[in-house]
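Each remark here refers to the structure printed beneath this line.
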Amino acid sequence: MNPFGLLAQSFAVLLALTLAPLLKGWIDMWRAWLGNRSAPGLLQPYRVLHKLFHKESVLADTASPLFRLAPYAVFGCVLLACAIVPTLSTDLPFAPAADAIALVGLLALARVFMALAAMDIGTAFGSLGARREMLVGFLAEPALLIVLFNASLITGSTSLASIVETLAHQQFAIHPSLAFAGIAFALVSLAENARIPVDNPATHLELTMIHEALLLEYSGRHLALMEWAASLKLFAYAGIGLALFFPWGIAQAQSPAAMLAALPLLGLKLAIGGLALALVETLSAKMRLFRVPEFLATAFLLAVLGLLVHSLLGD
Amino acid sequence: MSHWIVQSLNLFASLMLILAFAMLSQRRILSLIHLFTLQGLTVVCATATVAYATGRHELYFSAALTFTLKVLLIPYLLHRLIQRLKVQWDVETLINIPTLMLIGIVLVVIAFNLAAPVAQLSASIARGTLGIALACVLLSFMMMITRSKAVPQVIGFLAMENALFFAATSATYGMPMMVELGIALDVLVGMLILGVFLFQIREQFDSLDIHHLERLKED
Amino acid sequence: MNALPLPLLLGMPLAGGFILAAIGHRPRAPEWNAAFSLGTLLAAAWLTVQIVESGPRTVFAQQFFIDPLNVFLVALTAFVAFTTALFSRAYMRVEVGHGRMTAARMRLYHSMYQFFCFTMLLALTTNNLGILWVAMEAATLTTVLLVSVYRTPASLEAAWKYFILCGVGIAQALFGTILLYLAADRAIGAGGDALLWTHLAAAKHMLQPTIISLAFVFLLLGYGTKVGLVPLHNWLPDAHAEGPTPISAVLSGLLLNVALYAVLRCKVLADGALGPGYAGGLLIGFGLLSVVVAALLLSRQKDVKRMFAYSSIEHMGMMTFAFGLGGPVATFAGLLHMTAHSLVKSAIFFAAGHGAQKTGGQLMEDIRGLMTVSPTVGWGLLLGSLAILGMPPFGIFASEFLILTTAMHELPWTAPVLLAALGVAFAAVLRRVLPMVFGATSARRLAHAPALLPVFVHLGLGFMLGLYIPPYLEQWYGQAARMIGG
């Protein structure tokens, strides 16, 4: 372990913590503009977090310690996930500890905590949301895994850092299987991050809500942590997507200058990605819940097709 | 150089496959037409790439022919057709879509396995894509037999023609010119006849639902 | 030696198609239709004489190829097309009288009839397997319009089914053709000549076996759909039953032959590349299945044209089986069966068409007492049915006898299966036909004179083939059989 690596790692974590709400604000802003509404402002998520941290947390009488523990566990899991996704540099000391499969596991762990906490109170909405969340998760996780396998097959490694190194720094080549994986990944990210057309984070409509139903009982700093974790998760997904499909510009080991150069590039990529997400959300309509399995099955099958195409066409 | 060309051909082939799956899972007729147009465009790009790579000028001509026919003329006719027939709405498939996609994957595996030994023997630079072309043929076939409405069946038929054309380009740099002209003529005439036919069917049945076409049965 | 008859042969129906598209609705159009068919027949006869004198040859930069196999089919096609045009003259006038046909539909009908003949002749004479595909597809398109010409719901349904199923089938054949081109590309180099059958046949031992085995499966599935092989036969009974009767006659008598001809051309190539077992085995399997399934389904039919359509499937299966067995005798029998079946089956459709026209319906329980209504129609149907069921001394008896004896030698287990299927078919058809011919009826005699000359000419020829095969015909069969059967 070298000091520079440690520095890069902590910088990456800090960056994730600060940039994640900004990304959410950026997307919300564009969603409002594209929907012909006036936007809440780019910094609105920070204001919300600030407000929530200064409020008192109210707990239900029936809440067990698990309920109180969950926000920290979720936040920790997602933050760790962000730490192993290479966003600026591939020299991450944490990365060898956890590869892409562990990353999926971390996100799954966060989901399990969230679902357990939602059911812990015993309200109808909580268990309903938990059930729906698990439905989405059980379909989305295999798809995500296969998307990552697509990249692993090309690069011969399951570690995200080495995938990025291979993809970004070898001679440029078109990998058709990544086209399949890319579409599948886009579908999975929409579902996992509770975006339209799978879920709408801006409403609390009991017929359709998934993510918001899990958070109904939280307040104060617990809610703040949960919200922050949600935006971190989005950031992590954005990071994975950029790492797999647009890896150019991510710095290689031991180069502070390259890392500094990678920062504005990352900002640009995130801005474009956020805009694209807002565009997709504005243009599509929310699906009925029973169409969601079909949506995710499509993602899964596309990812599998990617593997098949890779095996047919080779390198 | 040829490295690049093979890669872009592979990319076009993958696009064909993605579009074939998209068509398989698409309910809306209007979107089906858009996907069909895109598929035609992909075939044109692939043909033009092969033409560039091999320096065969007749392939440019066949790309132009495909462009006129499959990207401009037939989609235009289809648009006109669905406007006049007023059938833009969604059409449910006979098998639910996830199952359909699973069967589709099985077909892809079969097609890849069938084509693999043949493709190895081809001298074409795009030989790897023969399996994908065969898979697209089978998927379009699937799409045809799982729709109960006439217009999606027609689009499936045309998509199959596209896939065959792609197969010809990828395996053997296209068929001889005369044959290609003949095929194009057949497709166009067939399309026109089908169009007329759809109007007659609607006139007789007040619907384009093929379920009405089930009176002739064995018993 | 001049190259005149071939352009005449193809040009006559083509010109007829265009001219009748303009004048096909006039009162004299049926005569014009027959005249064009007669012209085609004369050209075919001229061509046949030339080939008999001078042997196989290619013309027009090798794009066309005439040999004993296709010249005999050309002659048969032109002949049946002509007699059908004669039959259609009388038959369609009655349909106009019944109001089922209007002037505009007559124009479409006549024009498409000629175009249909053109596509079949083109498919038979072309040397280019790609053009063969194009012609087969064009034949589908023209017959789709012919089948749907009445515009009734049932005929539209039949035509739609026909189009979709044959369209899908023929697309498989195109894939097979592409694979064939790929094999040719390796063996004799790319270019427009690589799909010429004569070139392929010359290089057939050099064709890559892996590619050819896959290509033949696709070609067989594709053209086999058009032959009506079970399980790809679904379109066939509908199209036969719902179209006008002359079209049923040419579909059964000619188009199925042409499709089988395409399969045979491909089989020769497959045999060359893979040895005799592979293609033959597939043909035997499909043929046997078709014979058995069609024979079992025969007894369940209520519509007279449907029943005879199933009988066509059975007989096409029989021929496919014979060609699959291979060898000079079975192939000879297959060709003989093809000829006799074409003649007899179209005669049956002529007679059945008149019978149905009289009662106004095709349901067999409504058709009764043809013998009293019109003895000629009654005798025609009865003799035709006996002939198609393989009663001696008709030609079909001779060919079925040859096929069965060969089967006993080559594949003994198939002979009882075939015999049982033939027995079932015999009982099923006779049980239906006898009441139609002899039953009591209250119907009036026919108001119009039926065109029965074609019926008895066909039956007479079928009768003759059973007793005596003219030597030149036998010579053709022999040459063609050596070519296909190896």
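In the structure tokens, each chain is lettered A, B, ... as it comes, each chain's residues begin at 1, and ligands are numbered from 1 in order of appearance.
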With only C-alpha atoms considered, list every residue of chain A at most 10 Å from chain B, as an MDAnalysis selection string. chainID A and resid 172:180 183 291 293:298 301:302 304:306 308:315
Export, as a PDB file, in the first residue's frame, the selected residues with N, CA and C atoms.
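And here's out.pdb as it stands now:
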```pdb
ATOM      1  N   PHE A 172      -7.805   0.715 -29.122  1.00  0.00           N
ATOM      2  CA  PHE A 172      -9.256   0.847 -29.181  1.00  0.00           C
ATOM      3  C   PHE A 172      -9.855  -0.251 -30.062  1.00  0.00           C
ATOM      4  N   ALA A 173     -10.913  -0.883 -29.567  1.00  0.00           N
ATOM      5  CA  ALA A 173     -11.578  -1.923 -30.351  1.00  0.00           C
ATOM      6  C   ALA A 173     -13.068  -1.840 -30.085  1.00  0.00           C
ATOM      7  N   ILE A 174     -13.849  -2.183 -31.113  1.00  0.00           N
ATOM      8  CA  ILE A 174     -15.296  -2.209 -30.910  1.00  0.00           C
ATOM      9  C   ILE A 174     -15.675  -3.583 -30.398  1.00  0.00           C
ATOM     10  N   HIS A 175     -16.333  -3.623 -29.273  1.00  0.00           N
ATOM     11  CA  HIS A 175     -16.790  -4.908 -28.740  1.00  0.00           C
ATOM     12  C   HIS A 175     -18.303  -4.957 -28.851  1.00  0.00           C
ATOM     13  N   PRO A 176     -18.830  -5.708 -29.851  1.00  0.00           N
ATOM     14  CA  PRO A 176     -20.288  -5.722 -30.018  1.00  0.00           C
ATOM     15  C   PRO A 176     -21.009  -6.222 -28.773  1.00  0.00           C
ATOM     16  N   SER A 177     -20.362  -7.136 -28.036  1.00  0.00           N
ATOM     17  CA  SER A 177     -21.058  -7.668 -26.865  1.00  0.00           C
ATOM     18  C   SER A 177     -21.309  -6.564 -25.862  1.00  0.00           C
ATOM     19  N   LEU A 178     -20.434  -5.553 -25.833  1.00  0.00           N
ATOM     20  CA  LEU A 178     -20.649  -4.454 -24.898  1.00  0.00           C
ATOM     21  C   LEU A 178     -21.866  -3.617 -25.283  1.00  0.00           C
ATOM     22  N   ALA A 179     -22.239  -3.652 -26.548  1.00  0.00           N
ATOM     23  CA  ALA A 179     -23.446  -2.928 -26.944  1.00  0.00           C
ATOM     24  C   ALA A 179     -24.666  -3.552 -26.278  1.00  0.00           C
ATOM     25  N   PHE A 180     -24.695  -4.891 -26.296  1.00  0.00           N
ATOM     26  CA  PHE A 180     -25.798  -5.579 -25.613  1.00  0.00           C
ATOM     27  C   PHE A 180     -25.748  -5.268 -24.118  1.00  0.00           C
ATOM     28  N   ILE A 183     -26.994  -1.752 -23.204  1.00  0.00           N
ATOM     29  CA  ILE A 183     -28.451  -1.572 -23.136  1.00  0.00           C
ATOM     30  C   ILE A 183     -29.004  -2.242 -21.882  1.00  0.00           C
ATOM     31  N   ARG A 291     -45.460  -5.098 -15.415  1.00  0.00           N
ATOM     32  CA  ARG A 291     -44.596  -5.085 -16.596  1.00  0.00           C
ATOM     33  C   ARG A 291     -43.119  -5.072 -16.195  1.00  0.00           C
ATOM     34  N   PRO A 293     -41.224  -7.091 -14.305  1.00  0.00           N
ATOM     35  CA  PRO A 293     -40.462  -8.319 -14.554  1.00  0.00           C
ATOM     36  C   PRO A 293     -40.094  -8.485 -16.015  1.00  0.00           C
ATOM     37  N   GLU A 294     -41.021  -8.107 -16.893  1.00  0.00           N
ATOM     38  CA  GLU A 294     -40.750  -8.209 -18.325  1.00  0.00           C
ATOM     39  C   GLU A 294     -39.578  -7.301 -18.716  1.00  0.00           C
ATOM     40  N   PHE A 295     -39.620  -6.089 -18.157  1.00  0.00           N
ATOM     41  CA  PHE A 295     -38.581  -5.097 -18.412  1.00  0.00           C
ATOM     42  C   PHE A 295     -37.219  -5.639 -17.998  1.00  0.00           C
ATOM     43  N   LEU A 296     -37.178  -6.218 -16.798  1.00  0.00           N
ATOM     44  CA  LEU A 296     -35.899  -6.706 -16.301  1.00  0.00           C
ATOM     45  C   LEU A 296     -35.493  -8.008 -16.971  1.00  0.00           C
ATOM     46  N   ALA A 297     -36.488  -8.810 -17.344  1.00  0.00           N
ATOM     47  CA  ALA A 297     -36.146 -10.032 -18.075  1.00  0.00           C
ATOM     48  C   ALA A 297     -35.486  -9.664 -19.392  1.00  0.00           C
ATOM     49  N   THR A 298     -35.996  -8.607 -20.021  1.00  0.00           N
ATOM     50  CA  THR A 298     -35.374  -8.134 -21.259  1.00  0.00           C
ATOM     51  C   THR A 298     -33.915  -7.773 -21.015  1.00  0.00           C
ATOM     52  N   LEU A 301     -31.895 -10.936 -20.572  1.00  0.00           N
ATOM     53  CA  LEU A 301     -31.681 -11.678 -21.814  1.00  0.00           C
ATOM     54  C   LEU A 301     -30.716 -10.951 -22.739  1.00  0.00           C
ATOM     55  N   LEU A 302     -30.801  -9.622 -22.734  1.00  0.00           N
ATOM     56  CA  LEU A 302     -29.861  -8.871 -23.572  1.00  0.00           C
ATOM     57  C   LEU A 302     -28.434  -9.111 -23.099  1.00  0.00           C
ATOM     58  N   VAL A 304     -27.351 -11.748 -21.541  1.00  0.00           N
ATOM     59  CA  VAL A 304     -26.972 -13.111 -21.938  1.00  0.00           C
ATOM     60  C   VAL A 304     -26.607 -13.144 -23.426  1.00  0.00           C
ATOM     61  N   LEU A 305     -27.403 -12.421 -24.218  1.00  0.00           N
ATOM     62  CA  LEU A 305     -27.100 -12.341 -25.655  1.00  0.00           C
ATOM     63  C   LEU A 305     -25.709 -11.790 -25.884  1.00  0.00           C
ATOM     64  N   GLY A 306     -25.358 -10.801 -25.062  1.00  0.00           N
ATOM     65  CA  GLY A 306     -24.013 -10.244 -25.169  1.00  0.00           C
ATOM     66  C   GLY A 306     -22.973 -11.336 -25.018  1.00  0.00           C
ATOM     67  N   LEU A 308     -23.383 -14.513 -25.560  1.00  0.00           N
ATOM     68  CA  LEU A 308     -23.434 -15.408 -26.733  1.00  0.00           C
ATOM     69  C   LEU A 308     -22.715 -14.783 -27.918  1.00  0.00           C
ATOM     70  N   VAL A 309     -22.989 -13.494 -28.123  1.00  0.00           N
ATOM     71  CA  VAL A 309     -22.366 -12.822 -29.267  1.00  0.00           C
ATOM     72  C   VAL A 309     -20.858 -12.798 -29.091  1.00  0.00           C
ATOM     73  N   HIS A 310     -20.442 -12.586 -27.842  1.00  0.00           N
ATOM     74  CA  HIS A 310     -18.995 -12.589 -27.609  1.00  0.00           C
ATOM     75  C   HIS A 310     -18.395 -13.942 -27.967  1.00  0.00           C
ATOM     76  N   SER A 311     -19.132 -15.004 -27.580  1.00  0.00           N
ATOM     77  CA  SER A 311     -18.589 -16.332 -27.863  1.00  0.00           C
ATOM     78  C   SER A 311     -18.589 -16.606 -29.364  1.00  0.00           C
ATOM     79  N   LEU A 312     -19.542 -16.009 -30.100  1.00  0.00           N
ATOM     80  CA  LEU A 312     -19.591 -16.240 -31.543  1.00  0.00           C
ATOM     81  C   LEU A 312     -18.508 -15.447 -32.259  1.00  0.00           C
ATOM     82  N   LEU A 313     -18.443 -14.158 -31.936  1.00  0.00           N
ATOM     83  CA  LEU A 313     -17.568 -13.282 -32.710  1.00  0.00           C
ATOM     84  C   LEU A 313     -16.154 -13.272 -32.171  1.00  0.00           C
ATOM     85  N   GLY A 314     -15.984 -13.730 -30.921  1.00  0.00           N
ATOM     86  CA  GLY A 314     -14.642 -13.727 -30.360  1.00  0.00           C
ATOM     87  C   GLY A 314     -14.148 -12.315 -30.162  1.00  0.00           C
ATOM     88  N   ASP A 315     -12.851 -12.163 -30.194  1.00  0.00           N
ATOM     89  CA  ASP A 315     -12.302 -10.824 -29.909  1.00  0.00           C
ATOM     90  C   ASP A 315     -12.179 -10.019 -31.171  1.00  0.00           C
TER      91      ASP A 315
END
```
Which residues are close to stretch 99-111 of chain A, i.e. within 8 Å by only C-alpha atoms, leaving aside same-chain residues fewer than 3 positions away? Reply as a ChimeraX atom specification. /A:73-75,77-78,80-81,84,95-96,114-115,133-134,137,141,144-145,148,158-160
Kindly give the distance, in Å, that separates atom CA of B:Ser122 and atom CA of B:Tyr60, rounded to a single decimal. 21.3 Å
Interface residues on chain C facing chain B, 6 Å, only C-alpha atoms, written as JSON, numbers by chain: {"C": [130, 131, 134, 153, 157, 178, 182, 192, 211]}
Just asking: which residues within stretch 91-191 of chain B are helix (DSSP H, G or I) according to DSSP, as a ChimeraX atom specification? /B:97-121,127-145,150-172,177-191
Do you know which residues are at most 10 Å from B:His34 counting only C-alpha atoms, after dropping those on the same chain fewer than 3 positions away, and could you put them as a compact mmCIF listing (two decimals) with N, CA and C atoms, in the first residue's frame?
```
# COMPACT_ATOMS: atom_id res chain seq x y z
N MET B 23 -37.83 -6.08 -31.95
CA MET B 23 -39.06 -6.29 -32.70
C MET B 23 -39.87 -7.41 -32.09
N ILE B 29 -47.38 -1.14 -33.17
CA ILE B 29 -47.12 -1.34 -34.60
C ILE B 29 -46.23 -0.22 -35.15
N LEU B 30 -46.49 1.01 -34.68
CA LEU B 30 -45.72 2.14 -35.20
C LEU B 30 -44.23 1.94 -34.87
N SER B 31 -43.96 1.52 -33.62
CA SER B 31 -42.56 1.30 -33.23
C SER B 31 -41.96 0.16 -34.04
N THR B 37 -37.31 -0.01 -40.09
CA THR B 37 -36.53 0.96 -40.87
C THR B 37 -35.08 0.96 -40.41
N LEU B 38 -34.89 0.97 -39.09
CA LEU B 38 -33.53 0.95 -38.55
C LEU B 38 -32.78 -0.30 -39.00
N GLN B 39 -33.51 -1.41 -39.01
CA GLN B 39 -32.88 -2.66 -39.43
C GLN B 39 -32.41 -2.56 -40.88
N GLY B 40 -33.30 -1.99 -41.71
CA GLY B 40 -32.92 -1.79 -43.10
C GLY B 40 -31.67 -0.93 -43.22
N VAL B 71 -35.53 1.19 -46.65
CA VAL B 71 -35.47 2.33 -45.72
C VAL B 71 -36.47 3.41 -46.12
N PRO B 75 -41.06 1.35 -45.70
CA PRO B 75 -41.57 2.00 -44.49
C PRO B 75 -42.63 3.06 -44.80
N HIS B 79 -46.31 3.03 -43.35
CA HIS B 79 -46.92 4.16 -42.64
C HIS B 79 -48.27 4.52 -43.23
```
Backbone-only DSSP, strand (DSSP E or B) members of stretch 16-218 of chain B, as a PyMOL selection string: chain B and resi 28+90+93+147+149+209
Can I get the selection written as a PDB file, in the first residue's frame, with N, CA and C atoms?
```pdb
ATOM      1  N   ARG B  28     -46.145  -2.195 -30.071  1.00  0.00           N
ATOM      2  CA  ARG B  28     -46.772  -1.112 -30.836  1.00  0.00           C
ATOM      3  C   ARG B  28     -46.374  -1.203 -32.304  1.00  0.00           C
ATOM      4  N   ASP B  90     -51.488  -0.869 -29.698  1.00  0.00           N
ATOM      5  CA  ASP B  90     -50.679  -2.000 -29.250  1.00  0.00           C
ATOM      6  C   ASP B  90     -51.329  -3.320 -29.638  1.00  0.00           C
ATOM      7  N   THR B  93     -48.922 -10.031 -27.902  1.00  0.00           N
ATOM      8  CA  THR B  93     -48.407 -11.229 -28.559  1.00  0.00           C
ATOM      9  C   THR B  93     -49.154 -12.445 -28.015  1.00  0.00           C
ATOM     10  N   ARG B 147     -47.715 -13.422 -33.626  1.00  0.00           N
ATOM     11  CA  ARG B 147     -48.608 -12.258 -33.704  1.00  0.00           C
ATOM     12  C   ARG B 147     -49.943 -12.702 -34.268  1.00  0.00           C
ATOM     13  N   LYS B 149     -52.094 -10.352 -35.412  1.00  0.00           N
ATOM     14  CA  LYS B 149     -52.579  -9.321 -36.316  1.00  0.00           C
ATOM     15  C   LYS B 149     -51.818  -9.358 -37.633  1.00  0.00           C
ATOM     16  N   ASP B 209     -57.674  -8.878 -37.337  1.00  0.00           N
ATOM     17  CA  ASP B 209     -57.259  -9.898 -36.393  1.00  0.00           C
ATOM     18  C   ASP B 209     -57.278 -11.252 -37.091  1.00  0.00           C
TER      19      ASP B 209
END
```
9 Å contact set for C:Ala333, only C-alpha atoms, chain neighbours under 4 positions out, as a PyMOL selection string: chain C and resi 319+322-323+328-329+337-338+398-403+477+481
What would the file look like if the residues just selected were written as a PDB file, in the first residue's frame with C-alpha atoms?
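Done, and the output landed in selection15.pdb:
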```pdb
ATOM      1  CA  MET C 319     -43.132 -39.247 -55.416  1.00  0.00           C
ATOM      2  CA  ALA C 322     -39.665 -42.674 -54.702  1.00  0.00           C
ATOM      3  CA  PHE C 323     -37.026 -40.051 -55.453  1.00  0.00           C
ATOM      4  CA  PRO C 328     -33.070 -45.924 -61.797  1.00  0.00           C
ATOM      5  CA  VAL C 329     -36.251 -47.919 -61.203  1.00  0.00           C
ATOM      6  CA  HIS C 337     -46.124 -41.052 -61.119  1.00  0.00           C
ATOM      7  CA  MET C 338     -45.581 -37.329 -61.514  1.00  0.00           C
ATOM      8  CA  ALA C 398     -47.940 -48.972 -62.777  1.00  0.00           C
ATOM      9  CA  SER C 399     -45.895 -46.355 -60.960  1.00  0.00           C
ATOM     10  CA  GLU C 400     -47.138 -47.302 -57.494  1.00  0.00           C
ATOM     11  CA  PHE C 401     -46.432 -50.931 -58.264  1.00  0.00           C
ATOM     12  CA  LEU C 402     -42.869 -50.076 -59.245  1.00  0.00           C
ATOM     13  CA  ILE C 403     -42.367 -47.909 -56.173  1.00  0.00           C
ATOM     14  CA  TYR C 477     -37.637 -40.969 -68.265  1.00  0.00           C
ATOM     15  CA  ALA C 481     -33.834 -41.047 -63.938  1.00  0.00           C
TER      16      ALA C 481
END
```
May I have the residues within 12 Å of A:Leu88 as a PyMOL selection string, using only C-alpha atoms and disregarding those fewer than 3 positions away in the same chain? chain A and resi 5+8-16+82-85+91-92+161+164-165+239-240+242-243+247-267+269
How about saving the chosen residues, N, CA and C atoms kept, as a tab-separated table (two decimals), in the first residue's frame?
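Printed below is part.tsv as written:
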```tsv
chain	number	residue	atom	x	y	z
A	5	GLY	N	-1.73	5.98	-3.17
A	5	GLY	CA	-2.94	5.19	-3.37
A	5	GLY	C	-3.98	5.50	-2.31
A	8	ALA	N	-5.47	8.77	-3.05
A	8	ALA	CA	-6.42	8.68	-4.16
A	8	ALA	C	-7.72	8.05	-3.70
A	9	GLN	N	-7.59	7.01	-2.88
A	9	GLN	CA	-8.77	6.32	-2.38
A	9	GLN	C	-9.65	7.25	-1.55
A	10	SER	N	-9.02	7.98	-0.61
A	10	SER	CA	-9.85	8.84	0.24
A	10	SER	C	-10.44	9.98	-0.57
A	11	PHE	N	-9.67	10.45	-1.58
A	11	PHE	CA	-10.21	11.50	-2.44
A	11	PHE	C	-11.44	11.00	-3.19
A	12	ALA	N	-11.35	9.74	-3.67
A	12	ALA	CA	-12.47	9.17	-4.42
A	12	ALA	C	-13.71	9.09	-3.54
A	13	VAL	N	-13.52	8.67	-2.27
A	13	VAL	CA	-14.66	8.54	-1.37
A	13	VAL	C	-15.27	9.91	-1.09
A	14	LEU	N	-14.39	10.88	-0.83
A	14	LEU	CA	-14.88	12.24	-0.56
A	14	LEU	C	-15.63	12.79	-1.77
A	15	LEU	N	-15.06	12.52	-2.91
A	15	LEU	CA	-15.68	12.99	-4.15
A	15	LEU	C	-17.08	12.40	-4.29
A	16	ALA	N	-17.18	11.09	-4.01
A	16	ALA	CA	-18.48	10.44	-4.12
A	16	ALA	C	-19.46	11.10	-3.16
A	82	CYS	N	-19.16	2.63	-3.59
A	82	CYS	CA	-18.61	3.77	-4.32
A	82	CYS	C	-17.08	3.75	-4.26
A	83	ALA	N	-16.56	3.29	-3.14
A	83	ALA	CA	-15.11	3.34	-2.97
A	83	ALA	C	-14.40	2.39	-3.92
A	84	ILE	N	-15.06	1.30	-4.31
A	84	ILE	CA	-14.33	0.37	-5.18
A	84	ILE	C	-14.64	0.57	-6.66
A	85	VAL	N	-15.52	1.52	-6.97
A	85	VAL	CA	-15.75	1.83	-8.39
A	85	VAL	C	-14.74	2.87	-8.82
A	91	ASP	N	-6.05	3.26	-9.39
A	91	ASP	CA	-5.18	2.86	-8.29
A	91	ASP	C	-5.94	3.02	-6.97
A	92	LEU	N	-6.76	2.02	-6.67
A	92	LEU	CA	-7.57	2.10	-5.46
A	92	LEU	C	-7.17	0.96	-4.54
A	161	ALA	N	-11.22	-2.37	-11.40
A	161	ALA	CA	-10.06	-1.53	-11.70
A	161	ALA	C	-9.30	-2.08	-12.90
A	164	VAL	N	-11.22	-1.58	-16.20
A	164	VAL	CA	-11.07	-0.23	-16.73
A	164	VAL	C	-9.69	-0.06	-17.35
A	165	GLU	N	-8.68	-0.59	-16.67
A	165	GLU	CA	-7.32	-0.43	-17.21
A	165	GLU	C	-7.23	-1.05	-18.59
A	239	GLY	N	-20.93	5.55	-11.97
A	239	GLY	CA	-19.51	5.20	-12.01
A	239	GLY	C	-19.27	3.89	-12.74
A	240	ILE	N	-20.09	2.89	-12.42
A	240	ILE	CA	-19.92	1.58	-13.09
A	240	ILE	C	-20.14	1.73	-14.59
A	242	LEU	N	-19.88	4.37	-16.49
A	242	LEU	CA	-18.79	5.09	-17.16
A	242	LEU	C	-17.55	4.22	-17.24
A	243	ALA	N	-17.32	3.45	-16.16
A	243	ALA	CA	-16.11	2.63	-16.15
A	243	ALA	C	-16.17	1.55	-17.22
A	247	PRO	N	-14.63	4.34	-20.54
A	247	PRO	CA	-13.56	4.39	-19.55
A	247	PRO	C	-12.46	5.40	-19.86
A	248	TRP	N	-12.55	6.06	-21.01
A	248	TRP	CA	-11.43	6.91	-21.41
A	248	TRP	C	-11.28	8.10	-20.46
A	249	GLY	N	-10.06	8.35	-20.08
A	249	GLY	CA	-9.81	9.51	-19.23
A	249	GLY	C	-9.60	9.15	-17.78
A	250	ILE	N	-9.95	7.94	-17.38
A	250	ILE	CA	-9.70	7.56	-15.99
A	250	ILE	C	-8.21	7.32	-15.82
A	251	ALA	N	-7.63	7.97	-14.79
A	251	ALA	CA	-6.18	7.95	-14.65
A	251	ALA	C	-5.68	6.57	-14.26
A	252	GLN	N	-4.45	6.28	-14.72
A	252	GLN	CA	-3.83	5.04	-14.29
A	252	GLN	C	-3.05	5.32	-12.99
A	253	ALA	N	-2.42	4.30	-12.49
A	253	ALA	CA	-1.78	4.40	-11.17
A	253	ALA	C	-0.76	5.53	-11.09
A	254	GLN	N	-0.62	6.03	-9.88
A	254	GLN	CA	0.54	6.87	-9.52
A	254	GLN	C	0.68	8.14	-10.32
A	255	SER	N	-0.40	8.80	-10.58
A	255	SER	CA	-0.23	10.00	-11.39
A	255	SER	C	-1.21	11.06	-10.94
A	256	PRO	N	-0.79	11.94	-10.03
A	256	PRO	CA	-1.69	12.98	-9.52
A	256	PRO	C	-2.17	13.90	-10.63
A	257	ALA	N	-1.29	14.16	-11.58
A	257	ALA	CA	-1.66	15.09	-12.65
A	257	ALA	C	-2.79	14.50	-13.49
A	258	ALA	N	-2.65	13.21	-13.80
A	258	ALA	CA	-3.68	12.56	-14.60
A	258	ALA	C	-5.00	12.55	-13.84
A	259	MET	N	-4.87	12.38	-12.52
A	259	MET	CA	-6.09	12.37	-11.72
A	259	MET	C	-6.79	13.72	-11.76
A	260	LEU	N	-5.99	14.77	-11.69
A	260	LEU	CA	-6.57	16.11	-11.75
A	260	LEU	C	-7.21	16.34	-13.11
A	261	ALA	N	-6.55	15.78	-14.15
A	261	ALA	CA	-7.12	15.94	-15.49
A	261	ALA	C	-8.40	15.14	-15.63
A	262	ALA	N	-8.48	14.01	-14.89
A	262	ALA	CA	-9.65	13.16	-15.01
A	262	ALA	C	-10.87	13.80	-14.38
A	263	LEU	N	-10.61	14.73	-13.41
A	263	LEU	CA	-11.74	15.30	-12.66
A	263	LEU	C	-12.73	16.06	-13.54
A	264	PRO	N	-12.27	17.04	-14.34
A	264	PRO	CA	-13.24	17.74	-15.19
A	264	PRO	C	-13.92	16.81	-16.19
A	265	LEU	N	-13.14	15.82	-16.69
A	265	LEU	CA	-13.71	14.86	-17.63
A	265	LEU	C	-14.84	14.09	-16.97
A	266	LEU	N	-14.60	13.68	-15.70
A	266	LEU	CA	-15.64	12.96	-14.97
A	266	LEU	C	-16.88	13.83	-14.82
A	267	GLY	N	-16.62	15.12	-14.48
A	267	GLY	CA	-17.75	16.04	-14.33
A	267	GLY	C	-18.55	16.11	-15.61
A	269	LYS	N	-18.70	13.90	-18.08
A	269	LYS	CA	-19.40	12.65	-18.37
A	269	LYS	C	-20.64	12.51	-17.50
```
Point-to-point distance from atom CA of C:Val52 to atom CA of C:Lys345, Å rounded to tenths: 27.2 Å
Near A:Leu289, counting only C-alpha atoms, which residues have an atom at most 8 Å away, once you skip same-chain residues fewer than 2 positions from it, shown as a JSON list (two decimals) with C-alpha atoms, in the first residue's frame?
```json
[["chain", "number", "residue", "atom", "x", "y", "z"],
["A", 198, "VAL", "CA", -39.93, 1.46, -13.14],
["A", 208, "THR", "CA", -46.94, 2.31, -7.75],
["A", 287, "MET", "CA", -44.86, 1.16, -16.40],
["A", 291, "ARG", "CA", -44.60, -5.08, -16.60],
["A", 292, "VAL", "CA", -41.46, -4.63, -14.48]]
```
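Between atom CA of B:Leu139 and atom CA of B:Thr68 the interatomic distance comes to 24.3 Å.
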